[in-house]
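File shown: entry-v9.txt. Contents: compact mmCIF, C-alpha atoms.
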# COMPACT_ATOMS: atom_id res chain seq x y z
CA MET A 18 -68.31 17.52 -9.10
CA ALA A 19 -70.07 17.08 -5.78
CA ARG A 20 -73.39 15.29 -6.31
CA PRO A 21 -76.13 14.91 -3.70
CA GLU A 22 -75.93 11.12 -3.87
CA ASP A 23 -72.23 11.25 -2.95
CA ILE A 24 -72.84 13.34 0.17
CA PRO A 25 -73.35 11.32 3.37
CA GLN A 26 -76.42 11.75 5.48
CA PRO A 27 -77.44 13.88 7.29
CA THR A 28 -75.41 16.49 5.40
CA ARG A 29 -77.26 15.60 2.19
CA ASP A 30 -80.65 16.49 3.63
CA VAL A 31 -79.30 19.71 5.09
CA VAL A 32 -77.90 20.78 1.73
CA LEU A 33 -81.00 19.81 -0.23
CA ASN A 34 -83.30 21.61 2.20
CA LEU A 35 -81.38 24.87 2.41
CA PRO A 36 -83.64 27.80 1.52
CA CYS A 37 -82.82 29.41 -1.79
CA PRO A 38 -82.93 33.21 -1.49
CA ALA A 39 -85.18 35.25 -3.75
CA PHE A 40 -83.97 38.62 -5.03
CA ASP A 41 -86.01 41.65 -6.09
CA THR A 42 -83.68 42.32 -8.99
CA THR A 43 -81.19 40.27 -10.95
CA PRO A 44 -78.56 42.72 -12.18
CA PHE A 45 -76.20 41.34 -14.78
CA VAL A 46 -73.34 43.00 -16.55
CA ALA A 47 -70.78 41.79 -19.03
CA GLY A 48 -67.26 42.45 -17.84
CA PRO A 49 -63.95 42.79 -19.63
CA PRO A 50 -62.36 39.81 -21.37
CA LEU A 51 -60.91 37.21 -19.04
CA SER A 52 -57.43 38.08 -20.23
CA GLN A 53 -57.87 41.52 -18.67
CA ARG A 54 -59.37 40.47 -15.36
CA ARG A 55 -57.51 40.35 -12.07
CA ILE A 56 -58.90 37.57 -9.95
CA ALA A 57 -59.12 36.90 -6.23
CA ILE A 58 -60.08 33.66 -4.50
CA VAL A 59 -62.93 33.62 -1.99
CA THR A 60 -63.16 30.30 -0.20
CA SER A 61 -65.49 29.03 2.51
CA ALA A 62 -62.78 26.67 3.80
CA ALA A 63 -62.14 28.78 6.92
CA LEU A 64 -58.45 28.90 6.13
CA ILE A 65 -56.21 30.35 8.80
CA VAL A 66 -52.58 31.28 8.93
CA ARG A 67 -50.67 28.89 11.19
CA GLY A 68 -50.66 30.23 14.73
CA ASP A 69 -53.93 32.12 14.37
CA LYS A 70 -57.05 30.96 16.18
CA PRO A 71 -59.30 28.70 14.12
CA PHE A 72 -62.64 30.10 12.98
CA ALA A 73 -65.41 29.67 15.52
CA PHE A 74 -68.48 27.62 14.65
CA GLY A 75 -71.01 29.91 12.98
CA SER A 76 -68.58 32.80 12.75
CA GLY A 77 -69.56 35.40 10.19
CA GLU A 78 -66.07 36.88 10.00
CA ALA A 79 -63.83 37.07 6.96
CA ARG A 80 -60.07 36.76 7.01
CA PHE A 81 -57.67 38.08 4.42
CA ILE A 82 -54.92 35.83 3.04
CA PRO A 83 -51.94 37.61 1.52
CA ALA A 84 -51.13 35.96 -1.79
CA ASP A 85 -47.55 35.36 -0.71
CA THR A 86 -48.55 33.28 2.33
CA ALA A 87 -46.48 30.11 2.26
CA PRO A 88 -48.57 26.97 1.61
CA GLY A 89 -47.16 25.43 4.77
CA ASP A 90 -48.59 28.28 6.80
CA LEU A 91 -52.19 27.66 5.72
CA LEU A 92 -54.46 25.45 7.80
CA LEU A 93 -58.07 24.49 7.17
CA SER A 94 -60.42 25.07 10.11
CA HIS A 95 -63.80 24.41 8.50
CA VAL A 96 -66.30 23.22 11.08
CA SER A 97 -67.69 20.28 9.14
CA ILE A 98 -65.93 16.94 9.42
CA ASN A 99 -68.16 15.23 6.89
CA PHE A 100 -66.04 16.01 3.86
CA ASP A 101 -62.78 14.84 2.44
CA ARG A 102 -59.54 16.36 3.65
CA ALA A 103 -57.15 13.93 1.99
CA GLY A 104 -57.03 16.10 -1.11
CA TRP A 105 -56.18 19.20 0.89
CA GLN A 106 -53.49 17.27 2.73
CA ARG A 107 -51.76 16.54 -0.57
CA ASP A 108 -52.28 19.83 -2.37
CA ILE A 109 -53.70 23.16 -1.25
CA ASN A 110 -54.83 23.89 -4.80
CA VAL A 111 -57.88 21.65 -4.48
CA VAL A 112 -59.29 24.28 -2.11
CA TYR A 113 -57.16 27.34 -2.69
CA PRO A 114 -56.00 27.21 -6.31
CA ILE A 115 -53.42 29.94 -6.05
CA ASP A 116 -50.81 28.11 -8.12
CA ARG A 117 -53.28 27.44 -10.91
CA LEU A 118 -54.33 31.09 -11.06
CA ARG A 119 -50.66 32.00 -11.33
CA ASP A 120 -50.34 29.47 -14.16
CA LEU A 121 -53.26 31.08 -16.00
CA ALA A 122 -51.80 34.54 -15.46
CA ALA A 123 -48.41 33.40 -16.80
CA LEU A 124 -50.16 32.01 -19.86
CA GLY A 125 -51.97 35.31 -20.37
CA GLU A 126 -55.38 33.69 -19.99
CA ILE A 127 -56.27 35.96 -17.06
CA GLY A 128 -55.08 39.46 -16.45
CA GLY A 129 -53.52 38.81 -13.05
CA VAL A 130 -53.84 37.38 -9.57
CA ALA A 131 -54.89 39.48 -6.59
CA ASP A 132 -52.48 40.37 -3.83
CA THR A 133 -55.11 39.41 -1.26
CA HIS A 134 -57.50 36.47 -1.09
CA TYR A 135 -60.41 35.85 1.28
CA THR A 136 -61.82 33.12 3.45
CA VAL A 137 -64.97 32.65 5.48
CA MET A 138 -66.48 29.77 7.42
CA GLY A 139 -68.80 27.56 5.42
CA SER A 140 -71.97 26.17 6.96
CA THR A 141 -72.72 29.66 8.24
CA ASP A 142 -75.85 31.73 7.78
CA PRO A 143 -75.01 34.30 5.08
CA ALA A 144 -77.05 36.86 7.03
CA ALA A 145 -74.26 36.82 9.61
CA MET A 146 -71.72 37.81 6.99
CA ASP A 147 -72.89 41.30 6.01
CA ALA A 148 -70.00 43.07 7.69
CA ALA A 149 -67.50 40.55 6.36
CA VAL A 150 -68.78 40.99 2.83
CA ASP A 151 -68.41 44.75 3.15
CA GLN A 152 -64.79 44.26 4.27
CA ILE A 153 -64.07 41.97 1.35
CA VAL A 154 -65.67 44.28 -1.19
CA GLY A 155 -63.75 47.23 0.20
CA GLN A 156 -60.45 45.43 -0.23
CA LEU A 157 -61.42 44.20 -3.71
CA LYS A 158 -62.11 47.77 -4.77
CA GLN A 159 -58.90 49.01 -3.23
CA GLU A 160 -56.90 46.43 -5.17
CA ARG A 161 -58.97 47.01 -8.33
CA ILE A 162 -60.01 43.35 -8.54
CA ASP A 163 -62.85 42.79 -10.96
CA SER A 164 -63.55 39.06 -10.56
CA VAL A 165 -63.56 36.46 -7.81
CA LEU A 166 -63.30 32.71 -7.94
CA LEU A 167 -65.51 31.10 -5.29
CA THR A 168 -64.34 27.75 -3.95
CA PRO A 169 -67.07 26.31 -1.72
CA VAL A 170 -65.89 23.83 0.90
CA MET B 21 -67.24 14.92 -3.23
CA LEU B 22 -67.29 17.79 -0.80
CA GLY B 23 -63.99 19.23 0.35
CA ARG B 24 -62.07 19.48 -2.88
CA PRO B 25 -63.86 21.90 -5.21
CA VAL B 26 -60.94 22.03 -7.65
CA CYS B 27 -61.00 18.23 -7.71
CA GLU B 28 -57.77 16.31 -8.17
CA PRO B 29 -54.76 16.93 -5.91
CA SER B 30 -51.31 17.01 -7.48
CA ASP B 31 -52.81 17.12 -10.98
CA PRO B 32 -52.31 20.63 -12.35
CA ALA B 33 -53.73 19.71 -15.76
CA PHE B 34 -57.01 18.54 -14.26
CA GLN B 35 -57.17 21.55 -11.96
CA LEU B 36 -56.62 23.89 -14.89
CA ARG B 37 -59.50 22.26 -16.75
CA VAL B 38 -61.77 22.96 -13.78
CA LEU B 39 -60.63 26.56 -13.46
CA ARG B 40 -60.85 27.30 -17.18
CA MET B 41 -64.41 26.01 -17.30
CA ALA B 42 -65.38 28.00 -14.19
CA LEU B 43 -63.71 31.22 -15.32
CA ALA B 44 -65.21 30.91 -18.80
CA LEU B 45 -68.58 31.56 -17.16
CA LEU B 46 -67.40 35.10 -16.52
CA GLU B 47 -67.43 35.82 -20.24
CA ARG B 48 -70.93 34.48 -20.83
CA THR B 49 -73.62 37.06 -21.51
CA ASP B 50 -76.70 34.83 -21.31
CA GLY B 51 -77.23 35.43 -17.58
CA PRO B 52 -78.22 36.40 -15.00
CA VAL B 53 -78.39 32.75 -13.93
CA ILE B 54 -75.89 30.41 -15.56
CA LEU B 55 -75.44 26.89 -14.25
CA GLU B 56 -72.98 24.42 -15.73
CA ASP B 57 -71.86 21.04 -14.44
CA PHE B 58 -68.26 19.96 -14.78
CA PRO B 59 -68.54 16.78 -16.82
CA ASP B 60 -65.80 14.56 -15.40
CA ASP B 61 -65.06 12.92 -12.10
CA PRO B 62 -61.41 13.07 -11.08
CA PRO B 63 -59.68 9.71 -11.19
CA GLY B 64 -58.62 9.95 -7.57
CA TRP B 65 -62.20 9.51 -6.36
CA LEU B 66 -61.99 5.81 -7.11
CA ASP B 67 -60.26 3.38 -4.78
CA ASN B 68 -56.69 2.68 -5.82
CA PRO B 69 -55.92 -1.05 -5.73
CA ASP B 70 -52.19 -0.31 -5.77
CA TRP B 71 -52.29 1.65 -2.50
CA THR B 72 -51.09 -0.10 0.62
CA ALA B 73 -52.27 1.07 4.03
CA PRO B 74 -49.72 1.56 6.79
CA VAL B 75 -49.61 -1.43 9.10
CA THR B 76 -51.59 -0.65 12.26
CA ASP B 77 -53.61 -2.49 14.87
CA PRO B 78 -56.55 -0.77 16.60
CA SER B 79 -55.84 -2.71 19.79
CA THR B 80 -52.41 -1.08 20.10
CA ALA B 81 -51.92 1.75 22.59
CA PHE B 82 -52.36 5.09 20.83
CA ALA B 83 -49.01 6.44 22.03
CA ALA B 84 -47.13 3.47 20.61
CA GLU B 85 -48.99 3.60 17.32
CA LEU B 86 -48.38 7.31 17.01
CA ARG B 87 -44.64 6.84 17.58
CA ALA B 88 -44.61 4.23 14.84
CA ILE B 89 -46.54 6.49 12.43
CA LEU B 90 -44.40 9.59 12.94
CA PRO B 91 -41.64 8.59 10.48
CA LEU B 92 -44.28 8.19 7.75
CA TRP B 93 -45.67 11.60 8.62
CA GLU B 94 -42.21 13.10 8.27
CA THR B 95 -41.89 11.39 4.89
CA ALA B 96 -45.22 12.92 3.87
CA GLN B 97 -44.03 16.38 4.86
CA ALA B 98 -40.96 15.96 2.69
CA ARG B 99 -43.12 14.69 -0.17
CA PHE B 100 -45.74 17.43 -0.06
CA GLY B 101 -43.58 20.23 1.29
CA ARG B 102 -45.91 21.05 4.15
CA THR B 103 -48.23 19.66 6.79
CA SER B 104 -51.87 20.43 7.48
CA VAL B 105 -51.35 19.57 11.16
CA GLY B 106 -51.37 22.52 13.56
CA LEU B 107 -54.88 23.43 14.65
CA SER B 108 -54.45 21.88 18.12
CA PHE B 109 -51.51 24.08 19.17
CA GLN B 110 -49.91 20.93 20.56
CA ALA B 111 -46.99 18.86 19.31
CA PRO B 112 -47.85 15.22 18.54
CA SER B 113 -45.74 14.13 21.50
CA ALA B 114 -48.27 15.82 23.80
CA TRP B 115 -51.34 14.25 22.25
CA PRO B 116 -51.46 10.89 24.09
CA ASP B 117 -51.30 12.40 27.57
CA PHE B 118 -53.80 15.13 26.71
CA ALA B 119 -56.24 12.57 25.30
CA ALA B 120 -55.77 10.30 28.31
CA ALA B 121 -56.58 13.15 30.65
CA ILE B 122 -59.79 13.92 28.76
CA LEU B 123 -60.78 10.26 28.87
CA ALA B 124 -60.17 10.36 32.63
CA GLY B 125 -62.63 13.20 32.95
CA GLU B 126 -60.17 16.06 33.35
CA LEU B 127 -61.29 19.22 31.54
CA GLN B 128 -57.91 20.16 30.12
CA VAL B 129 -57.60 23.36 28.10
CA VAL B 130 -55.01 24.43 25.55
CA PRO B 131 -54.54 28.15 26.34
CA GLN B 132 -54.71 29.30 22.71
CA LEU B 133 -58.07 27.58 22.24
CA ASP B 134 -59.81 28.84 25.39
CA THR B 135 -62.08 25.86 26.10
CA THR B 136 -61.87 22.13 26.63
CA ALA B 137 -64.40 21.59 23.86
CA LEU B 138 -62.28 23.34 21.25
CA SER B 139 -59.05 21.87 22.60
CA VAL B 140 -60.34 18.34 22.10
CA ARG B 141 -62.07 19.13 18.84
CA PHE B 142 -58.88 20.43 17.23
CA LEU B 143 -56.83 17.64 18.78
CA CYS B 144 -59.12 15.24 16.89
CA ASP B 145 -58.63 17.26 13.70
CA ASP B 146 -54.86 17.15 14.05
CA ILE B 147 -54.79 13.41 14.74
CA LYS B 148 -56.86 12.78 11.61
CA ALA B 149 -54.65 15.12 9.59
CA LEU B 150 -51.42 13.48 10.71
CA TYR B 151 -52.71 10.00 9.93
CA GLY B 152 -54.18 11.18 6.62
CA GLU B 153 -50.83 12.55 5.57
CA ALA B 154 -49.00 9.43 6.76
CA ALA B 155 -51.36 7.31 4.67
CA GLN B 156 -50.29 9.26 1.58
CA ALA B 157 -46.59 9.42 2.38
CA VAL B 158 -45.35 6.86 -0.11
CA GLY B 159 -46.53 5.13 -3.25
CA PRO B 160 -49.68 5.84 -5.24
CA ALA B 161 -52.42 8.02 -3.83
CA PRO B 162 -55.32 6.34 -2.03
CA SER B 163 -58.90 7.49 -2.41
CA ALA B 164 -60.40 9.49 0.43
CA LYS B 165 -62.59 6.51 1.27
CA GLN B 166 -59.55 4.25 1.57
CA VAL B 167 -57.90 6.67 3.98
CA ASP B 168 -61.08 6.91 6.03
CA THR B 169 -61.63 3.16 6.10
CA TRP B 170 -58.09 2.55 7.29
CA PHE B 171 -58.23 5.29 9.91
CA TRP B 172 -61.64 4.53 11.39
CA ARG B 173 -61.51 0.74 11.21
CA HIS B 174 -57.87 -0.20 11.52
CA THR B 175 -56.04 2.28 13.78
CA ALA B 176 -55.77 2.92 17.49
CA ALA B 177 -56.17 6.60 16.68
CA GLY B 178 -59.59 5.97 15.18
CA ALA B 179 -60.56 3.96 18.25
CA LEU B 180 -59.29 6.79 20.45
CA LEU B 181 -61.48 9.35 18.68
CA GLN B 182 -64.49 7.11 19.09
CA ALA B 183 -63.69 6.90 22.82
CA LEU B 184 -63.24 10.66 23.06
CA ARG B 185 -66.62 11.09 21.39
CA ARG B 186 -68.30 8.81 23.91
CA THR B 187 -66.57 10.55 26.82
CA ALA B 188 -67.57 13.97 25.52
CA MET B 189 -71.18 12.96 25.03
CA ASP B 190 -71.32 11.66 28.60
CA SER B 191 -69.72 14.84 29.96
CA GLU B 192 -71.56 17.37 32.08
CA ASN B 193 -69.68 20.06 30.17
CA ASN B 194 -72.33 21.07 27.65
CA ALA B 195 -69.91 22.56 25.14
CA LEU B 196 -67.81 19.40 25.17
CA LYS B 197 -70.94 17.29 24.84
CA THR B 198 -72.13 19.27 21.82
CA VAL B 199 -68.79 19.42 20.08
CA GLY B 200 -68.06 15.78 20.78
CA GLY B 201 -71.35 14.64 19.33
CA ARG B 202 -70.98 16.65 16.17
CA PHE B 203 -67.33 17.11 15.37
CA PHE B 204 -65.08 14.30 16.56
CA VAL B 205 -66.23 11.45 14.34
CA PRO B 206 -67.86 11.86 10.90
CA THR B 207 -71.39 10.53 10.86
CA PRO B 208 -70.74 7.55 8.57
CA TRP B 209 -67.96 6.30 10.85
CA VAL B 210 -69.60 6.57 14.26
CA ALA B 211 -69.20 3.19 15.95
What's the structure tokens form of this structure?
Amino acid sequence: MARPEDIPQPTRDVVLNLPCPAFDTTPFVAGPPLSQRRIAIVTSAALIVRGDKPFAFGSGEARFIPADTAPGDLLLSHVSINFDRAGWQRDINVVYPIDRLRDLAALGEIGGVADTHYTVMGSTDPAAMDAAVDQIVGQLKQERIDSVLLTPV
Amino acid sequence: MLGRPVCEPSDPAFQLRVLRMALALLERTDGPVILEDFPDDPPGWLDNPDWTAPVTDPSTAFAAELRAILPLWETAQARFGRTSVGLSFQAPSAWPDFAAAILAGELQVVPQLDTTALSVRFLCDDIKALYGEAAQAVGPAPSAKQVDTWFWRHTAAGALLQALRRTAMDSENNALKTVGGRFFVPTPWVA
């Protein structure tokens, strides 16, 4: 687990001082059992497919990752350099746990794994992501995905 | 530690524990706000006394050091089945000359990356990635801190990135100045 005391300065102060949004309502619904849910990954790692341009700093865009993208074709273009990349270099699953979701699906613990996964640039103002979120939600609905696993990087 | 939300690389059992605990939140009904901490730190966060750093000397020329590191990088690719190098759109053989040109004040641009600032920024990312993979090519896994300590204190590549940072920050190219100050060398390792 990432703890504030393990985060180097000045990133620690930035994280601790981020404004926490307030919402007018707090809708909450119970969904189907996990064993019936199809799950997509949404990661803020700014993953790109090899050969594509890296995400720009502050970009609010989203990119879609087909589930069958070869691990060797995924690169991490997150803007921040103040976090560990050694884990990613060994194993994409520390950021993009596609193999583990497949394991859980094979065991019947989840209902399935999405055909498409999603990535955005971390350290970006969420207000810049409205259009990207609409794109993601549209694709989630089209693929009848009812849950997402967020992996913040 | 930031950068590995599913925790331990090459440890499917640990990763499954993380995912099961996270996904179990989906079946909770005591929301709307549910916060849970994962209780355990992955073992790979701690320094590994059995890891041995590749032999390097920061006073060596970068090109020579890179040539010597390449076989380890190739071993790492065979071990992990992939490489995370590729953001710079340049082969490693082109890196020394490109870096030398930047240090000499030439505003070189990789066409796919549009600007000098991004060309150098992603060159730095690729150099770090190649060395990070080489450091993990054989034997037991090092901690992230061990990899960083070796790279930033004991390699010519680390010294090169420090020099590129200084050159960028002295540049009259504002984009290069900004990117160099923020993205070439992690804050704790700025020399």
Env of stretch 150-161 of chain A: 8 Å cut, atoms = only C-alpha atoms, seq-sep filter 4 positions within chain, self excluded. Answer as number ranges by chain. A: 55, 79, 131-132, 135, 146
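Minimum atom-to-atom distances from B:Asp77, B:Glu126, B:Glu85, B:Asp50 to chain A were compared using only C-alpha atoms, and the lowest value belongs to B:Asp50.
Nearest to A:Gly68 of all the residues B:Trp65, B:Phe142, B:Phe109, B:Phe171 is B:Phe109, based on all atoms listed in the file.
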Name all residues at most 12 Å from B:Arg141 (count all atoms listed in the file; drop same-chain ones fewer than 3 positions away) and give them as a PyMOL selection string. (chain A and resi 71+73-74+94-98) or (chain B and resi 107-109+119+122+129-130+133-138+144-148+181+184-185+188+195-205)
Considering all atoms listed in the file, can you say which of B:Val105, B:Ala84, B:Val140, B:Arg37 comes closest to B:Ala121?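 Result for the nearest residue to B:Ala121: B:Val140.
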Residues at most 8 Å from A:Ile65, counting all atoms listed in the file, excluding those fewer than 6 positions away in the same chain, as a PyMOL selection string? chain A and resi 71-72+80+91-94
Who sits within 8 Å of stretch 41-47 of chain A, only C-alpha atoms, same chain under 5 positions skipped, as a list in words: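 These residues fall inside the cut-off: Leu46, Glu47, Arg48, Thr49, Gly51 and Pro52 of chain B.
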For A:Asp85, work out the shell of residues within 12 Å, counting all atoms listed in the file and skipping chain neighbours fewer than 4 positions away, then give it as a list of chain:residue names.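 Residues near the query, excluding close chain neighbours: A:Val66, A:Phe81, A:Gly89, A:Asp90, A:Leu91, A:Ile115, A:Asp116, A:Arg119, A:Val130, A:Ala131, A:Asp132, A:Thr133, A:His134.
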Incomplete stretch 126-154 of chain A filled out to N, CA and C atoms as a JSON list (two decimals), in the coordinates of the input:
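part_13.json written:
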[["chain", "number", "residue", "atom", "x", "y", "z"],
["A", 126, "GLU", "N", -53.95, 33.99, -19.87],
["A", 126, "GLU", "CA", -55.38, 33.69, -19.99],
["A", 126, "GLU", "C", -56.22, 34.53, -19.04],
["A", 127, "ILE", "N", -55.63, 34.97, -17.93],
["A", 127, "ILE", "CA", -56.27, 35.96, -17.06],
["A", 127, "ILE", "C", -55.32, 37.14, -16.93],
["A", 128, "GLY", "N", -55.89, 38.26, -16.49],
["A", 128, "GLY", "CA", -55.08, 39.46, -16.45],
["A", 128, "GLY", "C", -54.11, 39.51, -15.28],
["A", 129, "GLY", "N", -54.42, 38.79, -14.21],
["A", 129, "GLY", "CA", -53.52, 38.81, -13.05],
["A", 129, "GLY", "C", -54.17, 38.15, -11.86],
["A", 130, "VAL", "N", -53.40, 38.01, -10.82],
["A", 130, "VAL", "CA", -53.84, 37.38, -9.57],
["A", 130, "VAL", "C", -53.79, 38.43, -8.47],
["A", 131, "ALA", "N", -54.81, 38.47, -7.65],
["A", 131, "ALA", "CA", -54.89, 39.48, -6.59],
["A", 131, "ALA", "C", -53.76, 39.33, -5.58],
["A", 132, "ASP", "N", -53.47, 40.41, -4.92],
["A", 132, "ASP", "CA", -52.48, 40.37, -3.83],
["A", 132, "ASP", "C", -53.08, 39.84, -2.54],
["A", 133, "THR", "N", -54.41, 39.85, -2.46],
["A", 133, "THR", "CA", -55.11, 39.41, -1.26],
["A", 133, "THR", "C", -56.24, 38.45, -1.66],
["A", 134, "HIS", "N", -56.39, 37.39, -0.87],
["A", 134, "HIS", "CA", -57.50, 36.47, -1.09],
["A", 134, "HIS", "C", -58.30, 36.38, 0.22],
["A", 135, "TYR", "N", -59.45, 35.69, 0.19],
["A", 135, "TYR", "CA", -60.41, 35.85, 1.28],
["A", 135, "TYR", "C", -60.97, 34.50, 1.69],
["A", 136, "THR", "N", -61.25, 34.38, 2.98],
["A", 136, "THR", "CA", -61.82, 33.12, 3.45],
["A", 136, "THR", "C", -62.85, 33.38, 4.53],
["A", 137, "VAL", "N", -63.90, 32.60, 4.48],
["A", 137, "VAL", "CA", -64.97, 32.65, 5.48],
["A", 137, "VAL", "C", -65.25, 31.22, 5.93],
["A", 138, "MET", "N", -66.08, 31.09, 6.94],
["A", 138, "MET", "CA", -66.48, 29.77, 7.42],
["A", 138, "MET", "C", -67.72, 29.30, 6.67],
["A", 139, "GLY", "N", -67.62, 28.13, 6.03],
["A", 139, "GLY", "CA", -68.80, 27.56, 5.42],
["A", 139, "GLY", "C", -69.79, 27.11, 6.48],
["A", 140, "SER", "N", -70.91, 26.62, 6.04],
["A", 140, "SER", "CA", -71.97, 26.17, 6.96],
["A", 140, "SER", "C", -72.39, 27.29, 7.91],
["A", 141, "THR", "N", -72.35, 28.51, 7.42],
["A", 141, "THR", "CA", -72.72, 29.66, 8.24],
["A", 141, "THR", "C", -73.84, 30.42, 7.54],
["A", 142, "ASP", "N", -74.75, 30.95, 8.33],
["A", 142, "ASP", "CA", -75.85, 31.73, 7.78],
["A", 142, "ASP", "C", -75.30, 32.97, 7.08],
["A", 143, "PRO", "N", -75.54, 33.12, 5.79],
["A", 143, "PRO", "CA", -75.01, 34.30, 5.08],
["A", 143, "PRO", "C", -75.44, 35.62, 5.71],
["A", 144, "ALA", "N", -76.59, 35.62, 6.40],
["A", 144, "ALA", "CA", -77.05, 36.86, 7.03],
["A", 144, "ALA", "C", -76.08, 37.35, 8.08],
["A", 145, "ALA", "N", -75.24, 36.43, 8.60],
["A", 145, "ALA", "CA", -74.26, 36.82, 9.61],
["A", 145, "ALA", "C", -72.99, 37.39, 8.99],
["A", 146, "MET", "N", -72.96, 37.45, 7.67],
["A", 146, "MET", "CA", -71.72, 37.81, 6.99],
["A", 146, "MET", "C", -71.75, 39.20, 6.37],
["A", 147, "ASP", "N", -72.78, 39.99, 6.66],
["A", 147, "ASP", "CA", -72.89, 41.30, 6.01],
["A", 147, "ASP", "C", -71.64, 42.14, 6.20],
["A", 148, "ALA", "N", -71.18, 42.23, 7.44],
["A", 148, "ALA", "CA", -70.00, 43.07, 7.69],
["A", 148, "ALA", "C", -68.77, 42.50, 7.00],
["A", 149, "ALA", "N", -68.66, 41.18, 7.01],
["A", 149, "ALA", "CA", -67.50, 40.55, 6.36],
["A", 149, "ALA", "C", -67.50, 40.82, 4.86],
["A", 150, "VAL", "N", -68.69, 40.74, 4.27],
["A", 150, "VAL", "CA", -68.78, 40.99, 2.83],
["A", 150, "VAL", "C", -68.38, 42.43, 2.52],
["A", 151, "ASP", "N", -68.81, 43.36, 3.36],
["A", 151, "ASP", "CA", -68.41, 44.75, 3.15],
["A", 151, "ASP", "C", -66.88, 44.90, 3.21],
["A", 152, "GLN", "N", -66.26, 44.20, 4.16],
["A", 152, "GLN", "CA", -64.79, 44.26, 4.27],
["A", 152, "GLN", "C", -64.14, 43.71, 3.00],
["A", 153, "ILE", "N", -64.66, 42.59, 2.54],
["A", 153, "ILE", "CA", -64.07, 41.97, 1.35],
["A", 153, "ILE", "C", -64.23, 42.89, 0.14],
["A", 154, "VAL", "N", -65.42, 43.41, -0.03],
["A", 154, "VAL", "CA", -65.67, 44.28, -1.19],
["A", 154, "VAL", "C", -64.78, 45.52, -1.13]]
